[in-house]
Amino acid sequence: MNRSLTVNQLFESHAEKLALEWIAGRAGRERGIQFTLDAGGRRDYAEMPLVGHLNLIQPSRIQVLGSTELRYLESLGKNSYHDTLAMLFDESPAFVIVADGAMPTEELRQRAEQTSIALFSSCLSSDKLIEHLRYYLTEVLAESRTLHGVFMEVRGLGVLLTGESGVGKSELALELVTRGHRLIADDAPEFSRVAPDIIRGSCPELLQGFLEVRGLGVLNIRAMYGDSAIKKDKNLRLIVHLKPSDDDDVRNIDRLVGSQLNEMVLDVAIPQVILPVAPGRDLALLIEAAVRNHILRLSGYDAAQDFIERQKNFFI
């Protein structure tokens with residue numbers, strides 16, 4: 001799913017923060033702002049940038065005219081100046097911002113009105129505007145997907161607990177919270193692809209801070225354990241899939257290396273561990289161990305490979 005945003009929505013939410021003044025082109029207020037999509041409907045990272053300084057060769061969806069760009073335009077001859085402005089608006093940007101406290105020229109205003117493209121001005125620097133808009137729009141417009149499970153922060157790592165209904169995800173999440181880890185989202189965490197290889201998970205506003213536990217109902221984790229027990233969002237780094245110990249997939253897990261799988265989330269491979277569930281197993285302890293082991297793997301250490309090498313050296 002790709003989220004949408006209109007020029008008017010952005011202006012209403014950021015006019016004060018970015019010191020935006022709407023100069024001309026109000027007819028373009030419903031113009032959509034979005035990433036360039038490929039044939040499969042995914043964000044095309046190689047195509048049109050979302051926001052940037054004036055560029056007529058690879059134009060951005062949002063064109064920012066800072067003091068450098070304005071001096072360049074002023075240095076052009078009359079015909080070249082008109083041609084450059086025509087090229088700028090012919091590319092149909094979502095909107096144009098004149099930054100650094102400069103006042104848009106009359107011709108800029110006229111072009112904006114004629115093409116129904118919003119023209120803003122701001123006293124902020126062009127670099128600051130671009131930095132803020134890139135961050136905000138990447139978050140808002142990122143491809144997103146809702147997954148069933150409980151999303152936790154365990155030892156600083158974003159971990160998604162998955163499994164069939166009734167397998168014990170919420171109870172495990174509650175135990176992890178009591179051990180000092182943090183809840184991000186229960187039941188329906190939302191995941192967004194904020195960069196080519198980064199998936200960020202968060203909680204829908206309606207569900208923030210709540211955890212449903214069978215037999216206890218809905219618990220307010222923030223009220224019970226304090227603000228430190230809740231985390232707003234986190235990058236997804238590991239998936240732990242809970243399965244009953246009598247499941248065929250569990251029986252086939254290699255006892256030396258465990259389960260080393262990848263789950264594709266928004267076209268990004270996320271490491272997955274299958275954890276057998278059985279009476280008497282301390283799942284919270286096993287989750288912590290799985291996270292510690294994954295952190296070691298990220299640093300380049302593989303315990304199974306180390307063990308194999310030790311065996312080889314022992315028998316030499």
# chains A, B, ... in the order shown; residues from 1 in each chain; ligands from 1

$ residues_around --residues "Val268 (chain A)" --least-positions-apart "5" --cutoff "9 Å" --atoms "only C-alpha atoms" --output "ChimeraX atom specification"
/A:193,196-199,263

$ residues_around --residues "Val167 (chain A)" --least-positions-apart "2" --cutoff "10 Å" --atoms "only C-alpha atoms" --output "MDAnalysis selection string"
chainID A and resid 162:165 169:172 242:244 277:278

$ closest_residue --among "A:Tyr72, A:Arg61, A:Leu157, A:Glu106" --to "Arg292 (chain A)" --atoms "only C-alpha atoms"
A:Leu157

$ residues_around --residues "Gln208 (chain A)" --least-positions-apart "3" --cutoff "10 Å" --atoms "only C-alpha atoms" --output "PyMOL selection string"
chain A and resi 183-186+189+202-205+211+220-222+230-232

$ residues_around --residues "Asn262 (chain A)" --least-positions-apart "2" --cutoff "12 Å" --atoms "only C-alpha atoms" --output "list in words"
Arg237, Leu238, Ile239, Val240, His241, Ser259, Gln260, Met264, Val265, Asp267, Val268, Ala269, Ile270, Pro271, Gln272, Val273 and Ile274 of chain A

$ write_last_selection --atoms "C-alpha atoms" --output "mmCIF file, in the first residue's frame"
data_model
loop_
_atom_site.group_PDB
_atom_site.id
_atom_site.type_symbol
_atom_site.label_atom_id
_atom_site.label_comp_id
_atom_site.auth_asym_id
_atom_site.auth_seq_id
_atom_site.Cartn_x
_atom_site.Cartn_y
_atom_site.Cartn_z
ATOM 1 C CA ARG A 237 15.643 -6.494 12.337
ATOM 2 C CA LEU A 238 14.384 -9.948 13.341
ATOM 3 C CA ILE A 239 11.220 -12.063 13.145
ATOM 4 C CA VAL A 240 10.640 -14.824 15.701
ATOM 5 C CA HIS A 241 7.930 -17.238 14.571
ATOM 6 C CA SER A 259 16.514 -22.166 11.665
ATOM 7 C CA GLN A 260 18.155 -19.619 9.395
ATOM 8 C CA MET A 264 10.271 -10.976 2.736
ATOM 9 C CA VAL A 265 8.623 -7.814 4.051
ATOM 10 C CA ASP A 267 10.714 -6.787 -0.764
ATOM 11 C CA VAL A 268 13.295 -6.620 2.037
ATOM 12 C CA ALA A 269 14.691 -9.881 3.445
ATOM 13 C CA ILE A 270 14.283 -9.989 7.234
ATOM 14 C CA PRO A 271 16.010 -12.817 9.172
ATOM 15 C CA GLN A 272 13.535 -15.204 10.790
ATOM 16 C CA VAL A 273 13.943 -17.692 13.626
ATOM 17 C CA ILE A 274 11.423 -20.489 14.234
#

$ residues_around --residues "Arg179 (chain A)" --least-positions-apart "5" --cutoff "10 Å" --atoms "only C-alpha atoms" --output "list in words"
Val154, Ala173, Leu174, Ala229, Ala284, Leu285 and Glu288 of chain A

$ write_last_selection --atoms "N, CA and C atoms" --output "PDB file, in the first residue's frame"
ATOM      1  N   VAL A 154      13.670  -5.472  21.840  1.00  0.00           N
ATOM      2  CA  VAL A 154      14.367  -6.364  22.759  1.00  0.00           C
ATOM      3  C   VAL A 154      15.863  -6.096  22.647  1.00  0.00           C
ATOM      4  N   ALA A 173       4.981 -11.342  25.113  1.00  0.00           N
ATOM      5  CA  ALA A 173       5.271  -9.908  25.072  1.00  0.00           C
ATOM      6  C   ALA A 173       5.166  -9.300  26.469  1.00  0.00           C
ATOM      7  N   LEU A 174       4.157  -9.711  27.234  1.00  0.00           N
ATOM      8  CA  LEU A 174       3.984  -9.203  28.595  1.00  0.00           C
ATOM      9  C   LEU A 174       5.174  -9.599  29.467  1.00  0.00           C
ATOM     10  N   ALA A 229       8.191   1.629  29.172  1.00  0.00           N
ATOM     11  CA  ALA A 229       7.802   0.317  28.659  1.00  0.00           C
ATOM     12  C   ALA A 229       7.243   0.394  27.243  1.00  0.00           C
ATOM     13  N   ALA A 284      10.604 -16.246  27.021  1.00  0.00           N
ATOM     14  CA  ALA A 284      11.212 -14.918  27.140  1.00  0.00           C
ATOM     15  C   ALA A 284      12.733 -15.035  27.157  1.00  0.00           C
ATOM     16  N   LEU A 285      13.246 -16.014  27.897  1.00  0.00           N
ATOM     17  CA  LEU A 285      14.690 -16.246  27.937  1.00  0.00           C
ATOM     18  C   LEU A 285      15.212 -16.624  26.561  1.00  0.00           C
ATOM     19  N   GLU A 288      15.395 -13.557  24.286  1.00  0.00           N
ATOM     20  CA  GLU A 288      16.590 -12.762  24.610  1.00  0.00           C
ATOM     21  C   GLU A 288      17.840 -13.417  24.045  1.00  0.00           C
TER      22      GLU A 288
END

$ select_by_dssp --residues "region 166-198 of chain A" --states "helix (DSSP H, G or I)" --output "VMD selection string"
chain A and resid 169 to 178

$ write_last_selection --atoms "C-alpha atoms" --output "PDB file, in the first residue's frame"
ATOM      1  CA  LYS A 169       2.514 -14.090  21.552  1.00  0.00           C
ATOM      2  CA  SER A 170       0.826 -11.595  23.892  1.00  0.00           C
ATOM      3  CA  GLU A 171       1.754 -13.510  27.049  1.00  0.00           C
ATOM      4  CA  LEU A 172       5.347 -13.640  25.841  1.00  0.00           C
ATOM      5  CA  ALA A 173       5.271  -9.908  25.072  1.00  0.00           C
ATOM      6  CA  LEU A 174       3.984  -9.203  28.595  1.00  0.00           C
ATOM      7  CA  GLU A 175       6.811 -11.280  30.099  1.00  0.00           C
ATOM      8  CA  LEU A 176       9.346  -9.380  27.988  1.00  0.00           C
ATOM      9  CA  VAL A 177       7.927  -6.062  29.207  1.00  0.00           C
ATOM     10  CA  THR A 178       8.343  -7.181  32.826  1.00  0.00           C
TER      11      THR A 178
END

$ residues_around --residues "Asp187 (chain A)" --least-positions-apart "6" --cutoff "9 Å" --atoms "only C-alpha atoms" --output "ChimeraX atom specification"
/A:147-151,170,207,211-212

$ closest_residue --among "A:Leu18, A:Ala142, A:Thr115, A:Ser245" --to "Glu91 (chain A)" --atoms "only C-alpha atoms"
A:Thr115

$ closest_residue --among "A:Gly300, A:Gly28, A:Gly166, A:Pro49" --to "Phe120 (chain A)" --atoms "only C-alpha atoms"
A:Gly28

$ residues_around --residues "Gln34 (chain A)" --least-positions-apart "6" --cutoff "8 Å" --atoms "only C-alpha atoms" --output "list of chain:residue names"
A:Arg3, A:Ser4, A:Leu5, A:Leu50, A:Arg61, A:Leu141

$ select_by_dssp --residues "region 20-252 of chain A" --states "strand (DSSP E or B)" --output "JSON list (two decimals) with C-alpha atoms, in the first residue's frame"
[["chain", "number", "residue", "atom", "x", "y", "z"],
["A", 20, "LEU", "CA", 5.48, 28.67, 4.48],
["A", 21, "GLU", "CA", 3.49, 31.41, 2.78],
["A", 22, "TRP", "CA", 1.21, 30.48, -0.11],
["A", 23, "ILE", "CA", 2.03, 32.99, -2.86],
["A", 24, "ALA", "CA", 0.20, 31.68, -5.93],
["A", 32, "GLY", "CA", -0.87, 14.71, -5.20],
["A", 33, "ILE", "CA", 2.63, 14.20, -3.81],
["A", 37, "LEU", "CA", 6.46, 3.98, -8.88],
["A", 43, "ARG", "CA", 8.75, 2.97, -5.17],
["A", 51, "VAL", "CA", 12.49, 17.00, -3.18],
["A", 52, "GLY", "CA", 15.62, 18.92, -4.11],
["A", 53, "HIS", "CA", 17.18, 22.13, -5.38],
["A", 62, "ILE", "CA", 9.17, 19.43, -5.15],
["A", 63, "GLN", "CA", 11.51, 22.07, -6.56],
["A", 64, "VAL", "CA", 13.27, 24.37, -4.10],
["A", 65, "LEU", "CA", 14.73, 27.68, -5.29],
["A", 95, "PHE", "CA", 4.83, 22.62, -5.84],
["A", 96, "VAL", "CA", 7.70, 25.11, -5.89],
["A", 97, "ILE", "CA", 9.26, 26.81, -2.85],
["A", 98, "VAL", "CA", 11.26, 30.04, -2.95],
["A", 118, "ALA", "CA", 1.38, 25.91, -5.87],
["A", 119, "LEU", "CA", 4.13, 28.47, -5.23],
["A", 120, "PHE", "CA", 5.33, 28.92, -1.63],
["A", 121, "SER", "CA", 7.89, 31.17, -0.04],
["A", 122, "SER", "CA", 9.80, 30.60, 3.20],
["A", 143, "GLU", "CA", 5.19, 1.73, 1.17],
["A", 144, "SER", "CA", 3.44, 0.12, 4.12],
["A", 145, "ARG", "CA", 2.04, -3.20, 5.20],
["A", 146, "THR", "CA", 0.21, -4.44, 8.29],
["A", 149, "GLY", "CA", 1.93, -10.19, 15.50],
["A", 150, "VAL", "CA", 3.46, -8.31, 18.41],
["A", 151, "PHE", "CA", 6.30, -5.89, 17.67],
["A", 152, "MET", "CA", 8.79, -5.41, 20.48],
["A", 153, "GLU", "CA", 12.11, -3.73, 21.17],
["A", 154, "VAL", "CA", 14.37, -6.36, 22.76],
["A", 157, "LEU", "CA", 16.55, -4.57, 18.40],
["A", 158, "GLY", "CA", 13.16, -4.44, 16.64],
["A", 159, "VAL", "CA", 11.69, -7.96, 16.94],
["A", 160, "LEU", "CA", 8.36, -9.12, 15.50],
["A", 161, "LEU", "CA", 6.73, -12.07, 17.29],
["A", 162, "THR", "CA", 4.50, -14.04, 14.92],
["A", 163, "GLY", "CA", 2.53, -17.27, 15.10],
["A", 182, "ARG", "CA", 9.53, -2.37, 25.34],
["A", 183, "LEU", "CA", 6.23, -2.82, 23.53],
["A", 184, "ILE", "CA", 5.79, -1.10, 20.18],
["A", 185, "ALA", "CA", 2.60, -2.60, 18.78],
["A", 186, "ASP", "CA", 0.22, -5.47, 19.50],
["A", 187, "ASP", "CA", -1.87, -7.39, 16.98],
["A", 190, "GLU", "CA", 2.33, -1.23, 10.57],
["A", 191, "PHE", "CA", 5.58, -1.59, 8.65],
["A", 192, "SER", "CA", 6.92, 0.94, 6.15],
["A", 193, "ARG", "CA", 9.83, 0.71, 3.74],
["A", 194, "VAL", "CA", 11.65, 3.96, 4.50],
["A", 195, "ALA", "CA", 14.80, 3.13, 2.51],
["A", 198, "ILE", "CA", 15.14, -0.56, 5.90],
["A", 199, "ILE", "CA", 11.71, -1.54, 7.25],
["A", 200, "ARG", "CA", 10.34, 0.54, 10.11],
["A", 201, "GLY", "CA", 7.51, -0.67, 12.31],
["A", 202, "SER", "CA", 5.06, 1.42, 14.33],
["A", 210, "PHE", "CA", -2.35, -1.46, 24.67],
["A", 211, "LEU", "CA", -1.77, -5.22, 24.80],
["A", 212, "GLU", "CA", -4.50, -7.87, 24.72],
["A", 213, "VAL", "CA", -3.80, -10.90, 26.90],
["A", 217, "GLY", "CA", -8.42, -8.58, 28.44],
["A", 218, "VAL", "CA", -6.87, -5.34, 27.17],
["A", 219, "LEU", "CA", -4.04, -3.98, 29.31],
["A", 220, "ASN", "CA", -2.70, -0.42, 29.28],
["A", 230, "ILE", "CA", 6.54, 1.82, 25.39],
["A", 233, "ASP", "CA", 8.71, 2.86, 16.42],
["A", 234, "LYS", "CA", 11.74, 0.79, 15.54],
["A", 235, "ASN", "CA", 13.46, -0.70, 12.51],
["A", 236, "LEU", "CA", 12.51, -4.35, 12.00],
["A", 237, "ARG", "CA", 15.64, -6.49, 12.34],
["A", 238, "LEU", "CA", 14.38, -9.95, 13.34],
["A", 239, "ILE", "CA", 11.22, -12.06, 13.15],
["A", 240, "VAL", "CA", 10.64, -14.82, 15.70],
["A", 241, "HIS", "CA", 7.93, -17.24, 14.57],
["A", 242, "LEU", "CA", 6.36, -19.31, 17.36],
["A", 243, "LYS", "CA", 5.27, -22.84, 16.44],
["A", 244, "PRO", "CA", 4.01, -25.79, 18.51]]

$ atom_distance --atom1 "CA of Asn8 (chain A)" --atom2 "CA of Arg26 (chain A)"
8.8 Å

$ decode --residues "region 273-316 of chain A" --atoms "N, CA and C atoms" --output "tab-separated table (two decimals), in the first residue's frame"
chain	number	residue	atom	x	y	z
A	273	VAL	N	13.63	-16.54	12.79
A	273	VAL	CA	13.94	-17.69	13.63
A	273	VAL	C	12.63	-18.39	13.97
A	274	ILE	N	12.59	-19.71	13.81
A	274	ILE	CA	11.42	-20.49	14.23
A	274	ILE	C	11.70	-21.01	15.64
A	275	LEU	N	10.83	-20.68	16.59
A	275	LEU	CA	11.03	-21.05	17.98
A	275	LEU	C	9.93	-22.03	18.41
A	276	PRO	N	10.31	-23.28	18.75
A	276	PRO	CA	9.31	-24.27	19.19
A	276	PRO	C	8.68	-23.86	20.52
A	277	VAL	N	7.37	-24.02	20.62
A	277	VAL	CA	6.63	-23.70	21.84
A	277	VAL	C	6.19	-25.01	22.48
A	278	ALA	N	6.54	-25.18	23.75
A	278	ALA	CA	6.17	-26.39	24.48
A	278	ALA	C	6.05	-26.05	25.96
A	279	PRO	N	5.25	-26.81	26.70
A	279	PRO	CA	5.11	-26.56	28.15
A	279	PRO	C	6.47	-26.59	28.85
A	280	GLY	N	6.70	-25.61	29.73
A	280	GLY	CA	7.93	-25.58	30.50
A	280	GLY	C	9.06	-24.80	29.87
A	281	ARG	N	8.95	-24.42	28.61
A	281	ARG	CA	10.01	-23.66	27.97
A	281	ARG	C	9.92	-22.19	28.37
A	282	ASP	N	11.03	-21.60	28.73
A	282	ASP	CA	11.08	-20.18	29.09
A	282	ASP	C	11.26	-19.38	27.80
A	283	LEU	N	10.15	-19.01	27.18
A	283	LEU	CA	10.20	-18.36	25.87
A	283	LEU	C	10.85	-16.98	25.93
A	284	ALA	N	10.60	-16.25	27.02
A	284	ALA	CA	11.21	-14.92	27.14
A	284	ALA	C	12.73	-15.04	27.16
A	285	LEU	N	13.25	-16.01	27.90
A	285	LEU	CA	14.69	-16.25	27.94
A	285	LEU	C	15.21	-16.62	26.56
A	286	LEU	N	14.45	-17.46	25.84
A	286	LEU	CA	14.88	-17.89	24.51
A	286	LEU	C	14.85	-16.73	23.52
A	287	ILE	N	13.87	-15.83	23.65
A	287	ILE	CA	13.82	-14.65	22.79
A	287	ILE	C	15.06	-13.79	23.03
A	288	GLU	N	15.40	-13.56	24.29
A	288	GLU	CA	16.59	-12.76	24.61
A	288	GLU	C	17.84	-13.42	24.04
A	289	ALA	N	17.92	-14.75	24.14
A	289	ALA	CA	19.07	-15.47	23.60
A	289	ALA	C	19.12	-15.35	22.07
A	290	ALA	N	17.94	-15.44	21.43
A	290	ALA	CA	17.88	-15.32	19.97
A	290	ALA	C	18.34	-13.94	19.52
A	291	VAL	N	17.97	-12.91	20.27
A	291	VAL	CA	18.37	-11.55	19.93
A	291	VAL	C	19.87	-11.36	20.13
A	292	ARG	N	20.39	-11.87	21.26
A	292	ARG	CA	21.84	-11.77	21.50
A	292	ARG	C	22.61	-12.49	20.40
A	293	ASN	N	22.13	-13.67	20.00
A	293	ASN	CA	22.80	-14.43	18.95
A	293	ASN	C	22.74	-13.70	17.62
A	294	HIS	N	21.60	-13.05	17.35
A	294	HIS	CA	21.47	-12.31	16.09
A	294	HIS	C	22.41	-11.10	16.07
A	295	ILE	N	22.56	-10.45	17.21
A	295	ILE	CA	23.50	-9.32	17.29
A	295	ILE	C	24.91	-9.80	17.01
A	296	LEU	N	25.27	-10.99	17.51
A	296	LEU	CA	26.59	-11.56	17.21
A	296	LEU	C	26.73	-11.84	15.71
A	297	ARG	N	25.68	-12.36	15.11
A	297	ARG	CA	25.71	-12.61	13.67
A	297	ARG	C	25.92	-11.32	12.88
A	298	LEU	N	25.25	-10.26	13.33
A	298	LEU	CA	25.41	-8.98	12.64
A	298	LEU	C	26.84	-8.48	12.73
A	299	SER	N	27.53	-8.84	13.80
A	299	SER	CA	28.93	-8.43	13.96
A	299	SER	C	29.90	-9.35	13.24
A	300	GLY	N	29.36	-10.44	12.63
A	300	GLY	CA	30.21	-11.35	11.86
A	300	GLY	C	30.54	-12.66	12.54
A	301	TYR	N	30.03	-12.88	13.75
A	301	TYR	CA	30.33	-14.12	14.47
A	301	TYR	C	29.21	-15.13	14.30
A	302	ASP	N	29.58	-16.39	13.95
A	302	ASP	CA	28.62	-17.47	13.78
A	302	ASP	C	29.02	-18.59	14.74
A	303	ALA	N	28.21	-18.81	15.78
A	303	ALA	CA	28.55	-19.79	16.79
A	303	ALA	C	28.63	-21.20	16.21
A	304	ALA	N	27.69	-21.56	15.33
A	304	ALA	CA	27.70	-22.90	14.73
A	304	ALA	C	28.98	-23.13	13.92
A	305	GLN	N	29.37	-22.14	13.14
A	305	GLN	CA	30.59	-22.27	12.34
A	305	GLN	C	31.82	-22.36	13.24
A	306	ASP	N	31.82	-21.59	14.33
A	306	ASP	CA	32.92	-21.65	15.29
A	306	ASP	C	33.02	-23.05	15.89
A	307	PHE	N	31.86	-23.64	16.24
A	307	PHE	CA	31.84	-24.98	16.82
A	307	PHE	C	32.37	-26.02	15.83
A	308	ILE	N	31.96	-25.89	14.56
A	308	ILE	CA	32.42	-26.82	13.53
A	308	ILE	C	33.93	-26.72	13.35
A	309	GLU	N	34.46	-25.50	13.34
A	309	GLU	CA	35.90	-25.31	13.19
A	309	GLU	C	36.65	-25.90	14.38
A	310	ARG	N	36.11	-25.77	15.57
A	310	ARG	CA	36.76	-26.36	16.74
A	310	ARG	C	36.82	-27.88	16.63
A	311	GLN	N	35.73	-28.47	16.16
A	311	GLN	CA	35.73	-29.91	16.00
A	311	GLN	C	36.78	-30.36	14.99
A	312	LYS	N	36.88	-29.64	13.89
A	312	LYS	CA	37.87	-29.99	12.87
A	312	LYS	C	39.28	-29.91	13.44
A	313	ASN	N	39.56	-28.84	14.16
A	313	ASN	CA	40.90	-28.66	14.71
A	313	ASN	C	41.20	-29.69	15.79
A	314	PHE	N	40.16	-30.13	16.51
A	314	PHE	CA	40.36	-31.13	17.57
A	314	PHE	C	40.83	-32.46	17.03
A	315	PHE	N	40.31	-32.84	15.85
A	315	PHE	CA	40.61	-34.15	15.29
A	315	PHE	C	41.79	-34.12	14.31
A	316	ILE	N	42.40	-32.97	14.13
A	316	ILE	CA	43.56	-32.91	13.24
A	316	ILE	C	44.79	-33.44	13.97
